[in-house]
$ cat target-v8.cif   # mmCIF, C-alpha atoms
data_protein
loop_
_atom_site.group_PDB
_atom_site.id
_atom_site.type_symbol
_atom_site.label_atom_id
_atom_site.label_comp_id
_atom_site.auth_asym_id
_atom_site.auth_seq_id
_atom_site.Cartn_x
_atom_site.Cartn_y
_atom_site.Cartn_z
ATOM 1 C CA MET A 54 -23.025 -24.129 -8.800
ATOM 2 C CA GLY A 55 -26.000 -22.192 -7.469
ATOM 3 C CA GLU A 56 -26.202 -18.864 -5.636
ATOM 4 C CA HIS A 57 -23.875 -18.986 -2.666
ATOM 5 C CA GLU A 58 -22.592 -16.537 -0.133
ATOM 6 C CA PHE A 59 -19.088 -15.111 0.004
ATOM 7 C CA LEU A 60 -17.745 -15.134 3.548
ATOM 8 C CA PRO A 61 -14.733 -13.450 5.143
ATOM 9 C CA LEU A 62 -11.705 -15.743 5.044
ATOM 10 C CA ASP A 63 -11.294 -17.777 8.233
ATOM 11 C CA VAL A 64 -8.312 -20.132 7.945
ATOM 12 C CA ARG A 65 -9.561 -22.137 10.929
ATOM 13 C CA SER A 66 -12.530 -23.365 8.911
ATOM 14 C CA VAL A 67 -11.309 -23.397 5.300
ATOM 15 C CA ASN A 68 -8.529 -25.248 3.556
ATOM 16 C CA VAL A 69 -6.415 -22.638 1.767
ATOM 17 C CA LYS A 70 -3.723 -25.181 0.831
ATOM 18 C CA GLN A 71 -6.012 -27.097 -1.553
ATOM 19 C CA PHE A 72 -6.989 -24.019 -3.559
ATOM 20 C CA ASP A 73 -5.411 -24.010 -7.023
ATOM 21 C CA CYS A 74 -6.385 -21.514 -9.705
ATOM 22 C CA GLY A 75 -3.437 -22.389 -11.944
ATOM 23 C CA LYS A 76 -1.517 -19.179 -11.123
ATOM 24 C CA SER A 77 1.133 -19.769 -8.463
ATOM 25 C CA SER A 78 1.337 -16.142 -7.271
ATOM 26 C CA ILE A 79 -2.415 -16.029 -6.619
ATOM 27 C CA ASN A 80 -2.375 -19.408 -4.863
ATOM 28 C CA THR A 81 0.563 -18.263 -2.730
ATOM 29 C CA TYR A 82 -1.204 -15.057 -1.785
ATOM 30 C CA LEU A 83 -4.218 -16.958 -0.471
ATOM 31 C CA ARG A 84 -2.123 -19.567 1.337
ATOM 32 C CA ARG A 85 0.482 -17.301 2.924
ATOM 33 C CA TYR A 86 -0.631 -13.687 3.011
ATOM 34 C CA ALA A 87 -4.410 -13.229 2.884
ATOM 35 C CA ALA A 88 -5.089 -14.046 6.541
ATOM 36 C CA LYS A 89 -1.986 -12.149 7.714
ATOM 37 C CA ASN A 90 -3.017 -9.034 5.803
ATOM 38 C CA MET A 91 -6.522 -9.264 7.227
ATOM 39 C CA ALA A 92 -5.088 -9.510 10.754
ATOM 40 C CA LEU A 93 -3.061 -6.359 10.030
ATOM 41 C CA ASN A 94 -6.265 -4.634 8.808
ATOM 42 C CA LEU A 95 -4.737 -4.029 5.369
ATOM 43 C CA ASN A 96 -7.491 -5.649 3.324
ATOM 44 C CA ARG A 97 -10.294 -8.207 3.403
ATOM 45 C CA THR A 98 -10.483 -11.510 1.575
ATOM 46 C CA PHE A 99 -13.821 -13.171 0.891
ATOM 47 C CA VAL A 100 -14.257 -16.800 -0.089
ATOM 48 C CA LEU A 101 -16.948 -18.831 -1.793
ATOM 49 C CA LEU A 102 -16.988 -22.318 -0.342
ATOM 50 C CA ASN A 103 -17.252 -25.514 -2.336
ATOM 51 C CA PRO A 104 -20.648 -26.934 -1.350
ATOM 52 C CA ASP A 105 -19.420 -30.508 -1.946
ATOM 53 C CA THR A 106 -16.836 -30.464 0.859
ATOM 54 C CA GLN A 107 -17.175 -33.366 3.300
ATOM 55 C CA ALA A 108 -18.800 -32.304 6.586
ATOM 56 C CA SER A 109 -15.870 -33.538 8.676
ATOM 57 C CA ALA A 110 -13.199 -31.738 6.622
ATOM 58 C CA LYS A 111 -12.196 -28.104 6.438
ATOM 59 C CA GLN A 112 -14.220 -26.350 3.758
ATOM 60 C CA ARG A 113 -12.644 -26.099 0.303
ATOM 61 C CA ILE A 114 -12.616 -22.766 -1.496
ATOM 62 C CA ALA A 115 -14.207 -22.507 -4.934
ATOM 63 C CA ALA A 116 -13.351 -18.818 -5.499
ATOM 64 C CA TYR A 117 -12.073 -15.784 -3.663
ATOM 65 C CA TYR A 118 -11.464 -12.057 -3.942
ATOM 66 C CA THR A 119 -9.592 -9.455 -1.912
ATOM 67 C CA LEU A 120 -10.526 -5.789 -1.500
ATOM 68 C CA ALA A 121 -8.285 -3.016 -0.176
ATOM 69 C CA HIS A 122 -8.052 0.761 -0.367
ATOM 70 C CA GLN A 123 -5.613 2.688 -2.504
ATOM 71 C CA THR A 124 -5.200 6.195 -3.837
ATOM 72 C CA VAL A 125 -4.620 7.054 -7.472
ATOM 73 C CA ALA A 126 -3.627 10.273 -9.158
ATOM 74 C CA ARG A 127 -6.434 12.007 -10.988
ATOM 75 C CA ALA A 128 -4.357 12.170 -14.162
ATOM 76 C CA ASP A 129 -4.013 8.368 -14.159
ATOM 77 C CA THR A 130 -7.753 7.690 -14.240
ATOM 78 C CA PRO A 131 -9.592 7.518 -17.553
ATOM 79 C CA VAL A 132 -12.324 9.824 -16.126
ATOM 80 C CA HIS A 133 -10.190 12.465 -14.434
ATOM 81 C CA HIS A 134 -12.212 15.471 -15.615
ATOM 82 C CA ARG A 135 -14.588 15.240 -12.612
ATOM 83 C CA LEU A 136 -12.030 14.434 -9.923
ATOM 84 C CA PRO A 137 -10.019 16.796 -7.708
ATOM 85 C CA ARG A 138 -6.372 17.476 -8.510
ATOM 86 C CA TYR A 139 -5.036 15.510 -5.525
ATOM 87 C CA PRO A 140 -4.869 11.675 -5.304
ATOM 88 C CA VAL A 141 -8.315 10.172 -4.838
ATOM 89 C CA PRO A 142 -9.337 7.061 -2.890
ATOM 90 C CA VAL A 143 -10.375 3.953 -4.768
ATOM 91 C CA ILE A 144 -11.179 0.430 -3.765
ATOM 92 C CA LEU A 145 -8.567 -1.943 -5.092
ATOM 93 C CA LEU A 146 -9.702 -5.322 -6.300
ATOM 94 C CA ALA A 147 -6.368 -6.830 -5.305
ATOM 95 C CA GLN A 148 -7.050 -10.521 -5.951
ATOM 96 C CA LEU A 149 -9.694 -12.566 -7.715
ATOM 97 C CA ALA A 150 -9.444 -16.255 -8.548
ATOM 98 C CA VAL A 151 -11.458 -19.385 -9.201
ATOM 99 C CA ASP A 152 -10.222 -22.885 -8.370
ATOM 100 C CA LEU A 153 -9.430 -24.964 -11.475
ATOM 101 C CA ASN A 154 -12.181 -27.426 -10.498
ATOM 102 C CA PHE A 155 -14.729 -24.658 -11.133
ATOM 103 C CA HIS A 156 -13.399 -23.119 -14.362
ATOM 104 C CA GLY A 157 -15.914 -22.903 -17.187
ATOM 105 C CA LEU A 158 -18.946 -22.603 -14.902
ATOM 106 C CA GLY A 159 -19.262 -18.791 -14.951
ATOM 107 C CA LEU A 160 -17.950 -18.513 -11.420
ATOM 108 C CA GLY A 161 -15.315 -15.940 -12.416
ATOM 109 C CA ALA A 162 -17.965 -13.499 -13.590
ATOM 110 C CA LYS A 163 -20.107 -14.171 -10.510
ATOM 111 C CA THR A 164 -17.106 -13.543 -8.272
ATOM 112 C CA LEU A 165 -16.215 -10.341 -10.110
ATOM 113 C CA ILE A 166 -19.772 -9.002 -9.958
ATOM 114 C CA HIS A 167 -20.012 -9.857 -6.257
ATOM 115 C CA ALA A 168 -16.700 -8.069 -5.575
ATOM 116 C CA LEU A 169 -17.798 -4.974 -7.516
ATOM 117 C CA ARG A 170 -21.186 -4.871 -5.758
ATOM 118 C CA HIS A 171 -19.388 -5.229 -2.435
ATOM 119 C CA ALA A 172 -17.062 -2.337 -3.346
ATOM 120 C CA PHE A 173 -20.080 -0.233 -4.311
ATOM 121 C CA ARG A 174 -21.758 -0.933 -0.953
ATOM 122 C CA ILE A 175 -18.576 -0.055 0.935
ATOM 123 C CA SER A 176 -18.345 3.221 -0.944
ATOM 124 C CA THR A 177 -21.964 4.328 -0.834
ATOM 125 C CA THR A 178 -23.359 3.293 2.555
ATOM 126 C CA PRO A 179 -23.492 6.006 5.242
ATOM 127 C CA ASN A 180 -20.963 4.126 7.407
ATOM 128 C CA GLY A 181 -18.773 3.165 4.457
ATOM 129 C CA ILE A 182 -15.636 4.677 2.997
ATOM 130 C CA PRO A 183 -16.296 6.825 -0.092
ATOM 131 C CA SER A 184 -14.283 5.945 -3.190
ATOM 132 C CA ALA A 185 -14.040 7.367 -6.688
ATOM 133 C CA GLY A 186 -14.110 3.918 -8.244
ATOM 134 C CA VAL A 187 -12.573 0.480 -8.323
ATOM 135 C CA ALA A 188 -9.031 -0.124 -9.541
ATOM 136 C CA LEU A 189 -7.791 -3.518 -10.639
ATOM 137 C CA ASP A 190 -4.189 -4.595 -11.127
ATOM 138 C CA VAL A 191 -4.190 -7.153 -13.922
ATOM 139 C CA LEU A 192 -1.831 -10.102 -13.390
ATOM 140 C CA ASP A 193 -1.090 -11.044 -16.996
ATOM 141 C CA GLN A 194 -2.355 -11.033 -20.595
ATOM 142 C CA ASP A 195 -4.788 -13.898 -19.902
ATOM 143 C CA ALA A 196 -6.409 -11.868 -17.142
ATOM 144 C CA LEU A 197 -6.454 -8.729 -19.289
ATOM 145 C CA GLU A 198 -8.260 -10.642 -22.024
ATOM 146 C CA TYR A 199 -10.774 -11.948 -19.466
ATOM 147 C CA TYR A 200 -11.519 -8.491 -18.017
ATOM 148 C CA SER A 201 -11.850 -7.005 -21.511
ATOM 149 C CA HIS A 202 -15.142 -8.910 -21.848
ATOM 150 C CA PHE A 203 -16.651 -6.582 -19.244
ATOM 151 C CA ASP A 204 -17.553 -3.259 -20.845
ATOM 152 C CA PHE A 205 -17.283 -1.159 -17.697
ATOM 153 C CA PHE A 206 -13.481 -1.371 -17.244
ATOM 154 C CA ALA A 207 -11.166 1.162 -18.867
ATOM 155 C CA PRO A 208 -7.366 1.109 -18.686
ATOM 156 C CA MET A 209 -5.635 3.676 -16.512
ATOM 157 C CA VAL A 210 -3.731 6.321 -18.482
ATOM 158 C CA ASP A 211 -0.360 4.894 -19.611
ATOM 159 C CA LYS A 212 -0.998 1.747 -17.519
ATOM 160 C CA PRO A 213 -2.734 -0.868 -19.672
ATOM 161 C CA MET A 214 -2.391 -3.534 -16.926
ATOM 162 C CA LYS A 215 -4.315 -1.438 -14.409
ATOM 163 C CA LEU A 216 -8.033 -1.049 -14.994
ATOM 164 C CA PHE A 217 -10.548 1.390 -13.535
ATOM 165 C CA VAL A 218 -14.293 1.688 -13.268
ATOM 166 C CA PRO A 219 -15.981 4.773 -11.751
ATOM 167 C CA MET A 220 -18.151 4.040 -8.749
ATOM 168 C CA GLU A 221 -21.274 5.505 -10.385
ATOM 169 C CA SER A 222 -20.917 2.939 -13.198
ATOM 170 C CA LEU A 223 -21.402 0.153 -10.664
ATOM 171 C CA GLU A 224 -24.763 1.399 -9.408
ATOM 172 C CA SER A 225 -26.690 -0.663 -11.949
ATOM 173 C CA LEU A 226 -24.918 -3.978 -11.174
#
$ encode --input "target-v8.cif" --output "structure tokens"
Amino acid sequence: MGEHEFLPLDVRSVNVKQFDCGKSSINTYLRRYAAKNMALNLNRTFVLLNPDTQASAKQRIAAYYTLAHQTVARADTPVHHRLPRYPVPVILLAQLAVDLNFHGLGLGAKTLIHALRHAFRISTTPNGIPSAGVALDVLDQDALEYYSHFDFFAPMVDKPMKLFVPMESLESL
């Protein structure tokens, strides 16, 4: 799969029902809640389309991610020494998944890097929303093992299933 563009989710043009990453809660989120949450302005979901979809059919999704905002306590972050004492804003990488048909092709890493670059742009552009970093709620042990391959994530204090990366660490991505 070559270099493709992630687009905002539009359920009128994509088939969310055919997406299957092998994790029912993540499939359900995309099918039932992603578009609703976007309509409520709670987050944004971005999809990578399967380039092999028939022209007459709704586009199939190869991968997706969801970004939202959240605040975290300074004491919970692994780099709290430079942060103020009050809760600080972060960008939450709320969802990230790759359809089973695309596992083993490196699409997970490409999706993660795209999501982190997107978060960095949101945080650092003049019209963006500043954030101290990116937080990631890890679904399960399989996901934790996957994310452990990326050196820039550190676990939140006393929360091994929640990861954090400071925004300045993403500048070189």
$ resolve_selection --input "target-v8.cif" --expression "the PyMOL selection byres ((chain A and resi 170-178) around 9)" --output "PDB file with C-alpha atoms, in the coordinates of the input"
ATOM      1  CA  LEU A 120     -10.526  -5.789  -1.500  1.00  0.00           C
ATOM      2  CA  VAL A 143     -10.375   3.953  -4.768  1.00  0.00           C
ATOM      3  CA  ILE A 144     -11.179   0.430  -3.765  1.00  0.00           C
ATOM      4  CA  LEU A 145      -8.567  -1.943  -5.092  1.00  0.00           C
ATOM      5  CA  LEU A 146      -9.702  -5.322  -6.300  1.00  0.00           C
ATOM      6  CA  LEU A 165     -16.215 -10.341 -10.110  1.00  0.00           C
ATOM      7  CA  ILE A 166     -19.772  -9.002  -9.958  1.00  0.00           C
ATOM      8  CA  HIS A 167     -20.012  -9.857  -6.257  1.00  0.00           C
ATOM      9  CA  ALA A 168     -16.700  -8.069  -5.575  1.00  0.00           C
ATOM     10  CA  LEU A 169     -17.798  -4.974  -7.516  1.00  0.00           C
ATOM     11  CA  PRO A 179     -23.492   6.006   5.242  1.00  0.00           C
ATOM     12  CA  ASN A 180     -20.963   4.126   7.407  1.00  0.00           C
ATOM     13  CA  GLY A 181     -18.773   3.165   4.457  1.00  0.00           C
ATOM     14  CA  ILE A 182     -15.636   4.677   2.997  1.00  0.00           C
ATOM     15  CA  PRO A 183     -16.296   6.825  -0.092  1.00  0.00           C
ATOM     16  CA  SER A 184     -14.283   5.945  -3.190  1.00  0.00           C
ATOM     17  CA  ALA A 185     -14.040   7.367  -6.688  1.00  0.00           C
ATOM     18  CA  GLY A 186     -14.110   3.918  -8.244  1.00  0.00           C
ATOM     19  CA  VAL A 187     -12.573   0.480  -8.323  1.00  0.00           C
ATOM     20  CA  MET A 220     -18.151   4.040  -8.749  1.00  0.00           C
ATOM     21  CA  GLU A 221     -21.274   5.505 -10.385  1.00  0.00           C
ATOM     22  CA  LEU A 223     -21.402   0.153 -10.664  1.00  0.00           C
ATOM     23  CA  GLU A 224     -24.763   1.399  -9.408  1.00  0.00           C
ATOM     24  CA  LEU A 226     -24.918  -3.978 -11.174  1.00  0.00           C
TER      25      LEU A 226
END
$ resolve_selection --input "target-v8.cif" --expression "the PyMOL selection byres ((chain A and resi 95) around 12)" --output "list in words"
Tyr86, Ala87, Ala88, Lys89, Asn90, Met91, Ala92, Leu93, Asn94, Asn96, Arg97, Thr98, Thr119, Leu120, Ala121, His122, Gln123, Leu145 and Ala147 of chain A
$ write_last_selection --input "target-v8.cif" --atoms "C-alpha atoms" --output "JSON list (two decimals), in the coordinates of the input"
[["chain", "number", "residue", "atom", "x", "y", "z"],
["A", 86, "TYR", "CA", -0.63, -13.69, 3.01],
["A", 87, "ALA", "CA", -4.41, -13.23, 2.88],
["A", 88, "ALA", "CA", -5.09, -14.05, 6.54],
["A", 89, "LYS", "CA", -1.99, -12.15, 7.71],
["A", 90, "ASN", "CA", -3.02, -9.03, 5.80],
["A", 91, "MET", "CA", -6.52, -9.26, 7.23],
["A", 92, "ALA", "CA", -5.09, -9.51, 10.75],
["A", 93, "LEU", "CA", -3.06, -6.36, 10.03],
["A", 94, "ASN", "CA", -6.26, -4.63, 8.81],
["A", 96, "ASN", "CA", -7.49, -5.65, 3.32],
["A", 97, "ARG", "CA", -10.29, -8.21, 3.40],
["A", 98, "THR", "CA", -10.48, -11.51, 1.58],
["A", 119, "THR", "CA", -9.59, -9.46, -1.91],
["A", 120, "LEU", "CA", -10.53, -5.79, -1.50],
["A", 121, "ALA", "CA", -8.28, -3.02, -0.18],
["A", 122, "HIS", "CA", -8.05, 0.76, -0.37],
["A", 123, "GLN", "CA", -5.61, 2.69, -2.50],
["A", 145, "LEU", "CA", -8.57, -1.94, -5.09],
["A", 147, "ALA", "CA", -6.37, -6.83, -5.30]]
$ atom_distance --input "target-v8.cif" --atom1 "atom CA of Ala196 of chain A" --atom2 "atom CA of Lys163 of chain A"
15.4 Å
$ closest_residue --input "target-v8.cif" --among "A:Pro208, A:Ile114, A:Val218, A:Asp63" --to "Leu153 of chain A" --atoms "all atoms listed in the file"
A:Ile114
$ residues_near_point --input "target-v8.cif" --point "(-7.9, -28.7, 0.0)" --cutoff "8 Å" --atoms "all atoms listed in the file" --output "list in words"
Asn68, Val69, Lys70, Gln71, Phe72, Lys111, Gln112, Arg113 and Ile114 of chain A
$ write_last_selection --input "target-v8.cif" --atoms "C-alpha atoms" --output "compact mmCIF listing (two decimals), in the coordinates of the input"
# COMPACT_ATOMS: atom_id res chain seq x y z
CA ASN A 68 -8.53 -25.25 3.56
CA VAL A 69 -6.42 -22.64 1.77
CA LYS A 70 -3.72 -25.18 0.83
CA GLN A 71 -6.01 -27.10 -1.55
CA PHE A 72 -6.99 -24.02 -3.56
CA LYS A 111 -12.20 -28.10 6.44
CA GLN A 112 -14.22 -26.35 3.76
CA ARG A 113 -12.64 -26.10 0.30
CA ILE A 114 -12.62 -22.77 -1.50
$ closest_residue --input "target-v8.cif" --among "A:Leu158, A:Ala188, A:Glu198, A:Leu60" --to "Ala126 of chain A" --atoms "all atoms listed in the file"
A:Ala188
$ residues_near_point --input "target-v8.cif" --point "(-2.8, -24.8, -8.9)" --cutoff "12 Å" --atoms "all atoms listed in the file" --output "count of residues only"
20
$ closest_residue --input "target-v8.cif" --among "A:Gly161, A:Met209, A:Arg85, A:Phe99" --to "Arg127 of chain A" --atoms "only C-alpha atoms"
A:Met209
$ atom_distance --input "target-v8.cif" --atom1 "atom CA of Asp211 of chain A" --atom2 "atom CA of Asp129 of chain A"
7.4 Å
$ atom_distance --input "target-v8.cif" --atom1 "atom CA of Val125 of chain A" --atom2 "atom CA of Pro140 of chain A"
5.1 Å
$ residues_around --input "target-v8.cif" --residues "segment 190-195 of chain A" --least-positions-apart "4" --cutoff "7 Å" --atoms "all atoms listed in the file" --output "ChimeraX atom specification"
/A:147,199,214-216
$ axis_aligned_box --input "target-v8.cif" --around "segment 153-165 of chain A" --padding-each-side "5 Å" --output "AutoDock Vina command-line options"
--center_x -14.8 --center_y -18.9 --center_z -12.7 --size_x 20.7 --size_y 27.1 --size_z 18.9
$ resolve_selection --input "target-v8.cif" --expression "the PyMOL selection byres ((chain A and resi 101-103) around 6)" --output "number ranges by chain"
A: 59, 100, 104-106, 113-116
$ closest_residue --input "target-v8.cif" --among "A:Ser225, A:Leu189, A:Tyr82, A:Pro61" --to "Thr130 of chain A" --atoms "only C-alpha atoms"
A:Leu189
$ build_atoms --input "target-v8.cif" --residues "segment 194-207 of chain A" --atoms "N, CA, C and O atoms" --output "PDB file, in the frame of the given file"
ATOM      1  N   GLN A 194      -1.561 -11.208 -19.371  1.00  0.00           N
ATOM      2  CA  GLN A 194      -2.355 -11.033 -20.595  1.00  0.00           C
ATOM      3  C   GLN A 194      -3.640 -11.867 -20.570  1.00  0.00           C
ATOM      4  O   GLN A 194      -4.670 -11.428 -21.068  1.00  0.00           O
ATOM      5  N   ASP A 195      -3.582 -13.069 -20.004  1.00  0.00           N
ATOM      6  CA  ASP A 195      -4.788 -13.898 -19.902  1.00  0.00           C
ATOM      7  C   ASP A 195      -5.865 -13.175 -19.099  1.00  0.00           C
ATOM      8  O   ASP A 195      -7.032 -13.149 -19.478  1.00  0.00           O
ATOM      9  N   ALA A 196      -5.456 -12.596 -17.978  1.00  0.00           N
ATOM     10  CA  ALA A 196      -6.409 -11.868 -17.142  1.00  0.00           C
ATOM     11  C   ALA A 196      -6.921 -10.618 -17.855  1.00  0.00           C
ATOM     12  O   ALA A 196      -8.112 -10.304 -17.793  1.00  0.00           O
ATOM     13  N   LEU A 197      -6.031  -9.922 -18.555  1.00  0.00           N
ATOM     14  CA  LEU A 197      -6.454  -8.729 -19.289  1.00  0.00           C
ATOM     15  C   LEU A 197      -7.494  -9.086 -20.346  1.00  0.00           C
ATOM     16  O   LEU A 197      -8.502  -8.387 -20.503  1.00  0.00           O
ATOM     17  N   GLU A 198      -7.283 -10.189 -21.031  1.00  0.00           N
ATOM     18  CA  GLU A 198      -8.260 -10.642 -22.024  1.00  0.00           C
ATOM     19  C   GLU A 198      -9.602 -10.972 -21.354  1.00  0.00           C
ATOM     20  O   GLU A 198     -10.662 -10.635 -21.870  1.00  0.00           O
ATOM     21  N   TYR A 199      -9.550 -11.612 -20.188  1.00  0.00           N
ATOM     22  CA  TYR A 199     -10.774 -11.948 -19.466  1.00  0.00           C
ATOM     23  C   TYR A 199     -11.539 -10.673 -19.094  1.00  0.00           C
ATOM     24  O   TYR A 199     -12.735 -10.558 -19.362  1.00  0.00           O
ATOM     25  N   TYR A 200     -10.851  -9.711 -18.469  1.00  0.00           N
ATOM     26  CA  TYR A 200     -11.519  -8.491 -18.017  1.00  0.00           C
ATOM     27  C   TYR A 200     -11.998  -7.634 -19.183  1.00  0.00           C
ATOM     28  O   TYR A 200     -12.918  -6.834 -19.015  1.00  0.00           O
ATOM     29  N   SER A 201     -11.420  -7.796 -20.362  1.00  0.00           N
ATOM     30  CA  SER A 201     -11.850  -7.005 -21.511  1.00  0.00           C
ATOM     31  C   SER A 201     -13.264  -7.371 -21.958  1.00  0.00           C
ATOM     32  O   SER A 201     -13.902  -6.607 -22.678  1.00  0.00           O
ATOM     33  N   HIS A 202     -13.772  -8.518 -21.513  1.00  0.00           N
ATOM     34  CA  HIS A 202     -15.142  -8.910 -21.848  1.00  0.00           C
ATOM     35  C   HIS A 202     -16.184  -8.109 -21.077  1.00  0.00           C
ATOM     36  O   HIS A 202     -17.369  -8.157 -21.389  1.00  0.00           O
ATOM     37  N   PHE A 203     -15.746  -7.391 -20.056  1.00  0.00           N
ATOM     38  CA  PHE A 203     -16.651  -6.582 -19.244  1.00  0.00           C
ATOM     39  C   PHE A 203     -16.510  -5.132 -19.700  1.00  0.00           C
ATOM     40  O   PHE A 203     -15.454  -4.528 -19.572  1.00  0.00           O
ATOM     41  N   ASP A 204     -17.582  -4.580 -20.218  1.00  0.00           N
ATOM     42  CA  ASP A 204     -17.553  -3.259 -20.845  1.00  0.00           C
ATOM     43  C   ASP A 204     -17.248  -2.113 -19.888  1.00  0.00           C
ATOM     44  O   ASP A 204     -16.879  -1.039 -20.335  1.00  0.00           O
ATOM     45  N   PHE A 205     -17.407  -2.294 -18.603  1.00  0.00           N
ATOM     46  CA  PHE A 205     -17.283  -1.159 -17.697  1.00  0.00           C
ATOM     47  C   PHE A 205     -15.851  -0.814 -17.313  1.00  0.00           C
ATOM     48  O   PHE A 205     -15.597   0.249 -16.784  1.00  0.00           O
ATOM     49  N   PHE A 206     -14.872  -1.669 -17.577  1.00  0.00           N
ATOM     50  CA  PHE A 206     -13.481  -1.371 -17.244  1.00  0.00           C
ATOM     51  C   PHE A 206     -12.820  -0.557 -18.345  1.00  0.00           C
ATOM     52  O   PHE A 206     -13.026  -0.810 -19.524  1.00  0.00           O
ATOM     53  N   ALA A 207     -12.001   0.404 -17.931  1.00  0.00           N
ATOM     54  CA  ALA A 207     -11.166   1.162 -18.867  1.00  0.00           C
ATOM     55  C   ALA A 207      -9.749   1.154 -18.314  1.00  0.00           C
ATOM     56  O   ALA A 207      -9.555   1.200 -17.096  1.00  0.00           O
TER      57      ALA A 207
END
